[in-house]
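Next up, upload-v9.tsv (TSV, C-alpha atoms):
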```tsv
chain	number	residue	atom	x	y	z
G	1	MET	CA	108.00	117.93	94.55
G	2	PRO	CA	108.68	116.13	97.87
G	3	PRO	CA	108.44	112.35	97.88
G	4	SER	CA	105.05	110.76	98.48
G	5	ARG	CA	104.97	109.10	101.90
G	6	ALA	CA	102.30	106.80	103.37
G	7	LEU	CA	101.64	105.35	106.81
G	8	PHE	CA	100.64	101.71	107.20
G	9	ILE	CA	99.54	101.15	110.77
G	10	GLY	CA	98.73	97.93	112.59
G	11	ARG	CA	99.64	95.78	115.58
G	12	PHE	CA	101.39	93.13	113.44
G	13	GLN	CA	100.91	90.36	116.02
G	14	PRO	CA	102.57	88.72	114.06
G	15	PHE	CA	103.54	90.28	110.72
G	16	HIS	CA	101.92	87.95	108.17
G	17	ASN	CA	101.64	87.47	104.41
G	18	GLY	CA	98.67	89.83	104.18
G	19	HIS	CA	100.72	92.59	105.79
G	20	LEU	CA	103.58	91.93	103.37
G	21	ILE	CA	101.24	92.09	100.37
G	22	MET	CA	99.84	95.39	101.67
G	23	ALA	CA	103.31	96.87	102.24
G	24	LYS	CA	104.33	96.00	98.69
G	25	ARG	CA	101.14	97.46	97.23
G	26	ILE	CA	101.53	100.66	99.24
G	27	ARG	CA	105.15	101.04	98.10
G	28	GLU	CA	103.99	100.70	94.48
G	29	ARG	CA	101.81	103.78	95.05
G	30	HIS	CA	104.19	105.86	97.21
G	31	ASP	CA	107.88	106.72	97.29
G	32	GLU	CA	108.26	105.96	100.99
G	33	LEU	CA	106.48	103.80	103.54
G	34	ILE	CA	106.22	104.34	107.27
G	35	ILE	CA	105.09	101.28	109.18
G	36	GLY	CA	103.58	102.20	112.53
G	37	ILE	CA	103.65	99.41	115.10
G	38	GLY	CA	100.52	100.09	117.13
G	39	SER	CA	100.02	99.13	120.78
G	40	ALA	CA	103.80	99.16	121.05
G	41	GLN	CA	103.85	98.98	124.83
G	42	TYR	CA	102.01	95.66	125.01
G	43	SER	CA	103.50	92.18	124.94
G	44	HIS	CA	103.29	88.76	126.55
G	45	THR	CA	99.49	88.52	126.39
G	46	GLY	CA	97.22	86.42	124.22
G	47	GLU	CA	96.25	89.36	122.02
G	48	ASN	CA	99.69	90.99	122.01
G	49	PRO	CA	102.28	88.24	122.49
G	50	PHE	CA	105.23	89.94	120.79
G	51	THR	CA	107.17	93.01	121.92
G	52	ALA	CA	107.51	96.09	119.73
G	53	GLY	CA	111.16	95.17	119.16
G	54	GLU	CA	110.21	91.66	118.06
G	55	ARG	CA	107.55	93.00	115.70
G	56	TYR	CA	110.09	95.48	114.34
G	57	GLU	CA	112.46	92.59	113.66
G	58	MET	CA	109.74	90.54	111.93
G	59	ILE	CA	108.77	93.45	109.68
G	60	HIS	CA	112.37	94.39	108.89
G	61	ARG	CA	113.35	90.83	107.98
G	62	ALA	CA	110.22	90.27	105.87
G	63	LEU	CA	110.52	93.53	103.92
G	64	ASP	CA	114.24	93.06	103.30
G	65	ALA	CA	113.72	89.46	102.15
G	66	ALA	CA	110.99	90.67	99.77
G	67	GLY	CA	113.19	93.43	98.35
G	68	VAL	CA	111.03	96.27	99.67
G	69	GLU	CA	113.00	99.51	100.00
G	70	ASP	CA	112.48	103.02	101.34
G	71	TYR	CA	110.61	102.20	104.52
G	72	ASN	CA	110.81	103.17	108.18
G	73	ILE	CA	109.36	101.27	111.11
G	74	VAL	CA	108.18	103.25	114.13
G	75	PRO	CA	106.72	101.86	117.38
G	76	ILE	CA	103.60	103.77	118.44
G	77	PRO	CA	102.40	103.35	122.02
G	78	ASP	CA	98.68	103.67	122.69
G	79	THR	CA	97.38	106.77	124.44
G	80	HIS	CA	94.08	105.18	125.55
G	81	VAL	CA	92.39	108.46	124.62
G	82	HIS	CA	90.98	108.25	121.12
G	83	SER	CA	90.50	112.02	120.78
G	84	VAL	CA	94.28	112.65	121.04
G	85	TRP	CA	95.61	109.48	119.42
G	86	VAL	CA	96.05	110.93	115.91
G	87	SER	CA	97.82	114.00	117.32
G	88	HIS	CA	100.09	111.64	119.24
G	89	ILE	CA	100.95	109.80	116.01
G	90	LEU	CA	101.54	113.03	114.12
G	91	SER	CA	103.98	114.12	116.83
G	92	LEU	CA	106.00	110.91	116.47
G	93	LEU	CA	106.24	110.59	112.69
G	94	PRO	CA	107.52	112.55	109.72
G	95	THR	CA	104.83	114.01	107.50
G	96	PHE	CA	102.80	111.63	105.37
G	97	GLU	CA	100.03	112.09	102.83
G	98	SER	CA	97.96	108.94	103.32
G	99	VAL	CA	97.15	106.31	105.92
G	100	TYR	CA	96.46	102.67	105.08
G	101	THR	CA	94.54	100.51	107.51
G	102	ASN	CA	91.62	98.12	107.65
G	103	SER	CA	90.66	99.09	111.21
G	104	ALA	CA	87.28	100.85	111.33
G	105	LEU	CA	88.32	102.82	114.43
G	106	VAL	CA	91.61	103.98	112.91
G	107	ILE	CA	89.81	104.98	109.71
G	108	ARG	CA	87.32	107.04	111.73
G	109	LEU	CA	89.98	108.76	113.86
G	110	PHE	CA	92.11	109.84	110.88
G	111	LYS	CA	89.10	110.92	108.81
G	112	GLU	CA	87.94	113.12	111.67
G	113	ARG	CA	91.29	114.92	111.35
G	114	ARG	CA	90.76	115.18	107.56
G	115	ILE	CA	93.70	112.93	106.79
G	116	ASN	CA	93.45	110.83	103.63
G	117	VAL	CA	92.68	107.23	104.63
G	118	LEU	CA	92.89	104.43	102.11
G	119	SER	CA	92.01	100.79	102.43
G	120	LEU	CA	93.30	98.03	100.20
G	121	PRO	CA	91.20	94.89	100.51
G	122	LEU	CA	93.10	91.84	101.70
G	123	GLU	CA	92.69	88.51	100.01
G	124	ASP	CA	91.92	85.51	102.25
G	125	ARG	CA	91.19	87.79	105.23
G	126	GLU	CA	89.72	84.82	107.11
G	127	ASN	CA	93.13	83.14	107.33
G	128	LEU	CA	95.42	86.13	106.95
G	129	SER	CA	94.73	87.69	110.31
G	130	GLY	CA	96.87	87.88	113.41
G	131	THR	CA	93.97	86.49	115.44
G	132	GLU	CA	93.74	83.38	113.28
G	133	ILE	CA	97.51	82.86	113.23
G	134	ARG	CA	97.76	83.19	117.02
G	135	ARG	CA	94.82	80.79	117.40
G	136	ARG	CA	96.60	78.25	115.24
G	137	MET	CA	99.81	78.67	117.21
G	138	LEU	CA	97.92	78.25	120.45
G	139	LYS	CA	96.24	75.05	119.22
G	140	ALA	CA	99.43	73.69	117.57
G	141	GLU	CA	97.82	73.88	114.12
G	142	ALA	CA	99.51	74.78	110.81
G	143	TRP	CA	100.37	78.49	110.71
G	144	ARG	CA	103.71	78.81	108.87
G	145	THR	CA	102.21	79.18	105.40
G	146	LEU	CA	100.46	82.35	106.59
G	147	VAL	CA	103.65	84.27	107.45
G	148	PRO	CA	106.78	85.06	105.44
G	149	THR	CA	109.42	82.34	105.86
G	150	VAL	CA	111.78	84.72	107.69
G	151	VAL	CA	109.02	85.61	110.16
G	152	GLY	CA	108.40	81.94	110.92
G	153	GLU	CA	112.12	81.46	111.46
G	154	TYR	CA	112.27	84.46	113.78
G	155	ILE	CA	109.25	83.26	115.78
G	156	ASP	CA	111.17	79.98	116.23
G	157	GLU	CA	114.28	81.92	117.37
G	158	ILE	CA	112.33	83.66	120.13
G	159	ASP	CA	110.27	80.57	121.02
G	160	GLY	CA	107.16	82.57	120.13
G	161	VAL	CA	104.73	79.67	119.84
G	162	ARG	CA	105.51	78.48	123.34
G	163	ARG	CA	105.17	82.03	124.63
G	164	ILE	CA	101.70	82.24	123.11
G	165	GLN	CA	100.73	78.89	124.59
G	166	GLU	CA	102.06	79.82	128.03
G	167	THR	CA	100.88	83.43	128.25
G	168	HIS	CA	97.51	83.02	126.59
G	169	ARG	CA	96.30	80.84	129.43
G	170	TYR	CA	96.89	83.64	131.92
G	171	SER	CA	95.91	86.64	129.81
G	172	THR	CA	93.30	89.18	130.73
G	173	PRO	CA	92.40	92.38	128.85
G	174	TYR	CA	94.69	94.23	131.27
G	175	GLY	CA	97.75	91.99	131.21
G	176	THR	CA	98.39	88.64	132.81
G	177	LYS	CA	97.05	87.01	135.94
G	178	GLU	CA	98.99	84.84	138.32
G	179	ASN	CA	99.13	81.11	137.77
G	180	THR	CA	96.95	79.66	140.51
G	181	ASP	CA	97.20	76.02	139.37
```
In structure tokens, write the structure found in this file.
Amino acid sequence: MPPSRALFIGRFQPFHNGHLIMAKRIRERHDELIIGIGSAQYSHTGENPFTAGERYEMIHRALDAAGVEDYNIVPIPDTHVHSVWVSHILSLLPTFESVYTNSALVIRLFKERRINVLSLPLEDRENLSGTEIRRRMLKAEAWRTLVPTVVGEYIDEIDGVRRIQETHRYSTPYGTKENTD
């Protein structure tokens, strides 16, 4: 029998403790884990401050530090056309049996293609969210306890907090606007 393989898809802006818990739980249920970095083409905005490469590095460091094995990380650019998005993903990835996500839209899109979608509830969802962590970074509030230690260290290496504080001010849904101050 071929190994059981699952896809865990998200933006991981940044990769936080909730993501790490999910990755570990998925690996307990499957032989292999594919982590799909969604919205891979976006960076340097308030909602998507980190590049796909930076998110890859965060995930890789966190999983290795936690002793998670048998995983692959794949950047997945958006298509901006929901009806073809799942086909796009299937063309980029090796076969997988299940998808794990907590995104209602992603659940709907995969279910429409009759792909098994599973959701594992996250504990402390109010604090363990990329939105909340970015908000705390933006406001210079405590955020480090919400991410794996190696992720916090990497965010320091790339001066990620300052990037969020600088780019958030000029972010629009379509990128950044010029500083007119």
Spatial sel., origin (99.4, 100.1, 110.6), limit 12 Å, only C-alpha atoms, listed as a PyMOL selection string: chain G and resi 6-13+15+19-20+22-23+26+33-40+55+59+73-76+89+98-103+106-107+117-119
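For the set G:Arg136, G:Arg25, G:His16, G:Arg113, the residue with the smallest atom-to-atom gap to Met58 (chain G) is G:His16, counting all atoms listed in the file.
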Nearby residues, (111.7, 85.5, 109.7) file frame, 12 Å, all atoms listed in the file, as JSON, numbers by chain: {"G": [14, 15, 16, 17, 54, 55, 56, 57, 58, 59, 60, 61, 62, 63, 64, 65, 66, 144, 147, 148, 149, 150, 151, 152, 153, 154, 155, 156, 157, 158, 160]}
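Comparing G:Arg125, G:Lys111, G:His80, G:His30 by their smallest distance to Arg5 (chain G), the closest is G:His30 (using all atoms listed in the file).
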Residue nearest Leu90 (chain G) among G:Ile115, G:Ile133, G:Val68, G:Ala104 (counting all atoms listed in the file): G:Ile115
